[in-house]
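Read through the structure below, which is laid out as structure tokens, and then see the notes.
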Amino acid sequence: MKEKNLKILSTIDTPSQLRLMKQELLPQLCQELREDIIQELSVNPGHLASSLGVVELTVALHYVFNTPDDRIVWDVGHQAYGHKILTGRRDQFCTNRKLHGIRPFPSPEESEYDSFVCGHASNSISAALGMAVAACLNAQQRKVVAVIGDGAMSGGLAFEGLNNVSSSPNDLLIVLNDNDMSIDRSVGGMKEYLLALSTNETYNSVRYKASRWLARQGYLTDGRKKGIIRLTNAVKSAIAEQQNIFEGMNIRYFGPFDGHNVKELVRILRQLKDMKGPKLLHLHTKKGHGYAPAENYKPVWHAPGKFDPDTGELIKGDTSNLPPKYQDVFGETLLELAKANPKIVGVTPAMPTGCSMCIPMREMPERMFDVGIAEGHAVTFSAGMAKDGLQPFCNIYSAFAQRAYDNIIHDVAILRLPVVFCFDRAGLVGEDGPTHHGAFDMAALRPIPNLTIASPMNEHELRRLMYTAQLEGMGPFVIRYPRGRGVLPDWRCPLEKIEVGTGRKLSDGNDVAVLTIGPIGNDVQEIIGAHEPQIAHYDMRFLKPLDESILHEVGRKFKRVITIEDGVRNGGLGSAVLEWMNDHDYQPQVVRLGLPDHFVEHGTVEQLRQIVGIDKDSIRKAISNDSRSIHNY
């Protein structure tokens, strides 16, 4: 690995020091910042390409605006590594995403420079608008900037924020970072619209020549700029033969400009900084800019893992004999099911690679839909197809499905429509932390009528649940499974129906009954096989409906019951078992192991399981009736 050459960056600990620099040094600073990000992420993996794409923008924003008093609100936060390095966390950046290290996404709890929590897309405009209105009402001179990508702009909340921007007193600046990507390539009408705005060569040529002529004539003085800017926007609308959507919302539009020219960005931001009223700056950037491997294959380099920074070679271990990832089992099984059932369609909100819907998408693109970052729409779009005879598989990361809660209730459950929800990344996801842990799905969905909720213990169970869910008459069906690899290298199996509401007794005993749901049951089987042969273990498989025959057996036979789940304790499997036992006059002692009633930090899954008390050692102690194993968080 080459030695870092950070002559300028090493002198900057805060943006106030950055603002003392000569503007001529900014390109070199950008080069050093990009090199620092590449070198650090090569050994400590994280979100690489997004942060490389906004290096110049990050430097320009902190150079022009008086942060932290001025607010920069990042959308999602995948792109905020440069921001973290420039705001006093350069020496700690090597701890990024590690247990007790700096957080994976911006958070006001970590730094005063992080204006708002981010991890889910499309919230920046609404949050920044709230701050801008507060500044106006409090008579503060604070400037507020929202930085949002073209992928996140497809989210409904972004449009709600845009719609409200012009109706409230504010001086908000929205920076649209347009790189034609979210994690995969951006899709939809907004993408096509921005492409049209960016590629109207006639307008761009006219604007450039006109601006040079106006400057020579002395028309670009401060007192005349506003009128000239309005004129250029009117000219653009006429040449493009379409109304600018942002101008139509009374948000003054500027752009598109090159987002990798840091000196030009400084000049533009200075012009916009004190301008009254809401405005939008449209920048063209390239995800992974400045590092050829990341530029050439952006989806892989969004979060590439470890790599050689000099050659760009990804450092991968031998996975040939390992079990597959659950997401890949989903993708392969969906393709298999769709070949047999012509009614099956797939829907994902901007995650075809992340959830492996790209597998069936390659063979039947006309039946697989990437709807962009729009989880609520994904659900209701699926409901519409189900209403008219199709069988949608709607795949959403568990944490992102929180954004579609009303749609699940109102648009699917009430009508009992046959939508299959496949919630990837359920449970603890590790280094992405509290914004991404799939902690709440079981507790949130369990009270909703008409839903079937299941979690497979292994890959065979996932395949059979997917097969079962698409059978006639099943109604809305939720299948949750974790991030990462399963347990069965030989994962293919016949597709057979599982009776809804049935669990499995995996081992018999007389001392204690252990009830699990999902892949954590594999840990229990390992513990029982090695140390606890007198333990009865039941894989409940379904959270809703519960297997009442198992519960009657457990209630009659056992005085002590342990429930284990990779979800919040409050409202999940343990709560369901307690409620059922109470309703049927059984009174066993029930110990519930699961996630606590607070947000779990970031770290490896193994570290976090130990902290919250659902690792193998904690489960073993609970089975052995060791009171120290009962965590009170």
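Simple scheme: letters A, B, ... for chains in structure tokens order, numbers from 1 for residues in each chain, numbers from 1 for ligands in the order shown.
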
(Q) Give me the residues near Lys263 (chain A) as a ChimeraX atom specification, where near means some atom within 12 Å (using only C-alpha atoms) and where sequence neighbours in that chain fewer than 2 positions away do not count. (A) /A:22-30,56-57,59-61,63-64,257-261,265-270

At most 12 Å is the cut-off: for each residue in region 384-482 of chain A with any atom that close to an atom of region 68-86 of chain A, write down the nearest atom pair and the distance in Å rounded to one decimal, counting only C-alpha atoms, chain first then increasing number, as a tab-separated table.
residue	atom	partner	partner_atom	distance
A:Phe400	CA	A:Val76	CA	11.8
A:Asp432	CA	A:His78	CA	10.2
A:Thr435	CA	A:Val76	CA	9.9
A:His436	CA	A:Val76	CA	11.1

Convert the current residue selection to file output with C-alpha atoms, as an mmCIF file, in the first residue's frame.
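What ended up in result_27.cif:
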data_model
loop_
_atom_site.group_PDB
_atom_site.id
_atom_site.type_symbol
_atom_site.label_atom_id
_atom_site.label_comp_id
_atom_site.auth_asym_id
_atom_site.auth_seq_id
_atom_site.Cartn_x
_atom_site.Cartn_y
_atom_site.Cartn_z
ATOM 1 C CA PHE A 400 -36.850 0.261 4.953
ATOM 2 C CA ASP A 432 -24.703 -0.204 9.378
ATOM 3 C CA THR A 435 -30.923 2.927 11.060
ATOM 4 C CA HIS A 436 -30.533 -0.418 9.293
#

Exercise: Val379 (chain A) partners within 7 Å, only C-alpha atoms, chain neighbours under 5 positions left out, as a PDB file with C-alpha atoms, in the first residue's frame:
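Listed below is the output, out-v4.pdb:
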ATOM      1  CA  CYS A 394     -42.316  -7.420  -2.980  1.00  0.00           C
ATOM      2  CA  ALA A 404     -44.479   1.501   4.095  1.00  0.00           C
ATOM      3  CA  ASN A 407     -49.489   0.911   2.798  1.00  0.00           C
ATOM      4  CA  ILE A 408     -49.215  -2.635   4.147  1.00  0.00           C
TER       5      ILE A 408
END

Q: Taking the DSSP assignment computed from this structure's backbone, write out as a list in words all residues of region 62-146 of chain A that belong to alpha helix (DSSP H).
A: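 Of region 62-146 of chain A, the ones in alpha helix (DSSP H) are His62, Tyr63, Val64, Tyr81, Gly82, His83, Lys84, Ser124, Ile125, Ser126, Ala127, Ala128, Leu129, Gly130, Met131, Ala132, Val133, Ala134, Ala135, Cys136 and Leu137 of chain A.
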
Please produce a file of the residues just selected, as a compact mmCIF listing (two decimals), in the first residue's frame, where the atoms kept are N, CA and C atoms.
# COMPACT_ATOMS: atom_id res chain seq x y z
N HIS A 62 -18.22 23.18 2.96
CA HIS A 62 -17.60 23.60 4.23
C HIS A 62 -16.71 24.83 4.04
N TYR A 63 -16.24 25.07 2.83
CA TYR A 63 -15.42 26.25 2.55
C TYR A 63 -16.27 27.52 2.49
N VAL A 64 -17.49 27.38 1.97
CA VAL A 64 -18.35 28.55 1.77
C VAL A 64 -19.26 28.80 2.97
N TYR A 81 -18.47 10.45 4.18
CA TYR A 81 -17.17 10.16 4.78
C TYR A 81 -16.23 11.36 4.72
N GLY A 82 -16.20 12.05 3.57
CA GLY A 82 -15.37 13.25 3.48
C GLY A 82 -15.80 14.29 4.50
N HIS A 83 -17.09 14.42 4.68
CA HIS A 83 -17.64 15.34 5.69
C HIS A 83 -17.14 14.96 7.08
N LYS A 84 -17.13 13.68 7.40
CA LYS A 84 -16.66 13.26 8.72
C LYS A 84 -15.18 13.59 8.90
N SER A 124 -34.05 14.51 3.63
CA SER A 124 -33.22 15.70 3.84
C SER A 124 -33.98 16.99 3.57
N ILE A 125 -34.80 17.04 2.53
CA ILE A 125 -35.48 18.29 2.17
C ILE A 125 -36.46 18.69 3.28
N SER A 126 -37.23 17.72 3.76
CA SER A 126 -38.20 18.04 4.82
C SER A 126 -37.50 18.49 6.09
N ALA A 127 -36.44 17.78 6.49
CA ALA A 127 -35.73 18.15 7.72
C ALA A 127 -35.06 19.51 7.56
N ALA A 128 -34.41 19.72 6.42
CA ALA A 128 -33.73 21.00 6.20
C ALA A 128 -34.73 22.15 6.10
N LEU A 129 -35.89 21.90 5.49
CA LEU A 129 -36.92 22.93 5.43
C LEU A 129 -37.36 23.32 6.83
N GLY A 130 -37.52 22.34 7.70
CA GLY A 130 -37.88 22.65 9.08
C GLY A 130 -36.84 23.53 9.74
N MET A 131 -35.57 23.25 9.51
CA MET A 131 -34.51 24.07 10.08
C MET A 131 -34.49 25.46 9.48
N ALA A 132 -34.74 25.55 8.16
CA ALA A 132 -34.74 26.86 7.51
C ALA A 132 -35.89 27.73 8.00
N VAL A 133 -37.06 27.12 8.18
CA VAL A 133 -38.20 27.87 8.72
C VAL A 133 -37.91 28.31 10.15
N ALA A 134 -37.30 27.42 10.94
CA ALA A 134 -36.96 27.78 12.32
C ALA A 134 -36.00 28.96 12.34
N ALA A 135 -35.03 28.98 11.41
CA ALA A 135 -34.09 30.09 11.34
C ALA A 135 -34.80 31.40 11.04
N CYS A 136 -35.77 31.35 10.11
CA CYS A 136 -36.53 32.56 9.79
C CYS A 136 -37.36 33.04 10.97
N LEU A 137 -38.08 32.12 11.62
CA LEU A 137 -38.95 32.49 12.73
C LEU A 137 -38.16 32.98 13.93

Q: Pick out the residues sitting within 7 Å of region 586-588 of chain A, and hand them over as number ranges by chain; count only C-alpha atoms, and ignore anything fewer than 3 positions along from it in its own chain.
A: A: 555, 558-561, 581-582

Export of the given selection (N, CA, C and O atoms) as a short mmCIF file (atom, residue, chain, number, x, y, z; two decimals), in the first residue's frame:
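Produced file result-v3.cif, reproduced below:
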data_model
loop_
_atom_site.label_atom_id
_atom_site.label_comp_id
_atom_site.auth_asym_id
_atom_site.auth_seq_id
_atom_site.Cartn_x
_atom_site.Cartn_y
_atom_site.Cartn_z
N GLY A 555 -47.30 -25.74 27.16
CA GLY A 555 -47.99 -25.27 28.36
C GLY A 555 -48.30 -26.38 29.35
O GLY A 555 -48.21 -26.19 30.57
N PHE A 558 -44.21 -28.07 30.46
CA PHE A 558 -43.02 -27.38 30.94
C PHE A 558 -43.36 -26.25 31.92
O PHE A 558 -44.32 -25.51 31.72
N LYS A 559 -42.54 -26.14 32.94
CA LYS A 559 -42.65 -25.05 33.88
C LYS A 559 -41.78 -23.86 33.47
O LYS A 559 -42.00 -22.75 33.93
N ARG A 560 -40.82 -24.12 32.62
CA ARG A 560 -39.90 -23.06 32.19
C ARG A 560 -39.79 -23.07 30.67
O ARG A 560 -39.56 -24.11 30.06
N VAL A 561 -39.98 -21.89 30.10
CA VAL A 561 -39.98 -21.71 28.65
C VAL A 561 -39.05 -20.55 28.31
O VAL A 561 -39.07 -19.51 28.98
N MET A 581 -50.28 -18.01 26.40
CA MET A 581 -50.29 -18.80 27.64
C MET A 581 -51.28 -18.22 28.64
O MET A 581 -52.03 -18.95 29.30
N ASN A 582 -51.30 -16.92 28.75
CA ASN A 582 -52.24 -16.27 29.68
C ASN A 582 -53.68 -16.52 29.25
O ASN A 582 -54.55 -16.82 30.09
#

(Q) My list of candidates is A:Val577, A:Ala401, A:Leu52, A:Val512. Which is closest to His437 (chain A) when distances are computed with only C-alpha atoms? (A) A:Ala401

Q | Long-range neighbours of Val568 (chain A) as a list in words, 9 Å cut-off, only C-alpha atoms, 5 positions minimum in chain | A | Gly427, Ala439, Phe440, Asp441, Met442, Ala443, Leu573, Leu593, Gly594, Leu595, Pro596 and Asp597 of chain A

Please extract the residues of region 35-180 of chain A with a backbone DSSP assignment of strand (DSSP E) and present them as a short mmCIF file (atom, residue, chain, number, x, y, z; two decimals) with N, CA, C and O atoms, in the first residue's frame.
data_model
loop_
_atom_site.label_atom_id
_atom_site.label_comp_id
_atom_site.auth_asym_id
_atom_site.auth_seq_id
_atom_site.Cartn_x
_atom_site.Cartn_y
_atom_site.Cartn_z
N ARG A 71 -26.23 24.87 8.56
CA ARG A 71 -26.58 23.45 8.59
C ARG A 71 -26.41 22.80 7.21
O ARG A 71 -26.89 23.34 6.21
N ILE A 72 -25.74 21.66 7.19
CA ILE A 72 -25.71 20.81 6.01
C ILE A 72 -26.43 19.52 6.37
O ILE A 72 -26.02 18.82 7.29
N VAL A 73 -27.51 19.23 5.66
CA VAL A 73 -28.31 18.03 5.93
C VAL A 73 -28.07 17.05 4.79
O VAL A 73 -28.49 17.28 3.66
N TRP A 74 -27.39 15.95 5.11
CA TRP A 74 -27.08 14.94 4.10
C TRP A 74 -28.23 13.96 3.99
O TRP A 74 -28.83 13.56 4.99
N VAL A 144 -29.11 27.06 5.55
CA VAL A 144 -29.43 25.63 5.60
C VAL A 144 -29.34 25.06 4.19
O VAL A 144 -29.91 25.61 3.25
N VAL A 145 -28.62 23.93 4.09
CA VAL A 145 -28.41 23.27 2.80
C VAL A 145 -28.84 21.81 2.94
O VAL A 145 -28.42 21.12 3.87
N ALA A 146 -29.67 21.33 2.02
CA ALA A 146 -30.01 19.91 1.92
C ALA A 146 -29.28 19.33 0.72
O ALA A 146 -29.36 19.88 -0.38
N VAL A 147 -28.56 18.23 0.92
CA VAL A 147 -27.85 17.56 -0.17
C VAL A 147 -28.55 16.24 -0.44
O VAL A 147 -28.56 15.35 0.41
N ILE A 148 -29.15 16.12 -1.62
CA ILE A 148 -29.93 14.94 -1.95
C ILE A 148 -29.51 14.41 -3.32
O ILE A 148 -29.25 15.19 -4.24
N GLY A 149 -29.45 13.09 -3.46
CA GLY A 149 -29.10 12.47 -4.73
C GLY A 149 -30.30 12.30 -5.63
O GLY A 149 -31.45 12.35 -5.19
N LEU A 173 -31.42 26.09 0.55
CA LEU A 173 -30.71 25.69 -0.67
C LEU A 173 -30.73 24.18 -0.74
O LEU A 173 -30.27 23.49 0.18
N ILE A 174 -31.25 23.66 -1.84
CA ILE A 174 -31.25 22.22 -2.09
C ILE A 174 -30.17 21.94 -3.14
O ILE A 174 -30.19 22.52 -4.22
N VAL A 175 -29.24 21.07 -2.80
CA VAL A 175 -28.21 20.66 -3.76
C VAL A 175 -28.58 19.27 -4.27
O VAL A 175 -28.62 18.31 -3.50
N LEU A 176 -28.88 19.19 -5.54
CA LEU A 176 -29.24 17.92 -6.16
C LEU A 176 -27.99 17.29 -6.76
O LEU A 176 -27.46 17.76 -7.77
N ASN A 177 -27.50 16.24 -6.11
CA ASN A 177 -26.31 15.53 -6.56
C ASN A 177 -26.74 14.46 -7.56
O ASN A 177 -27.15 13.37 -7.18
N ASP A 178 -26.64 14.76 -8.81
CA ASP A 178 -27.17 13.91 -9.89
C ASP A 178 -26.05 13.07 -10.48
O ASP A 178 -25.23 13.55 -11.26
#
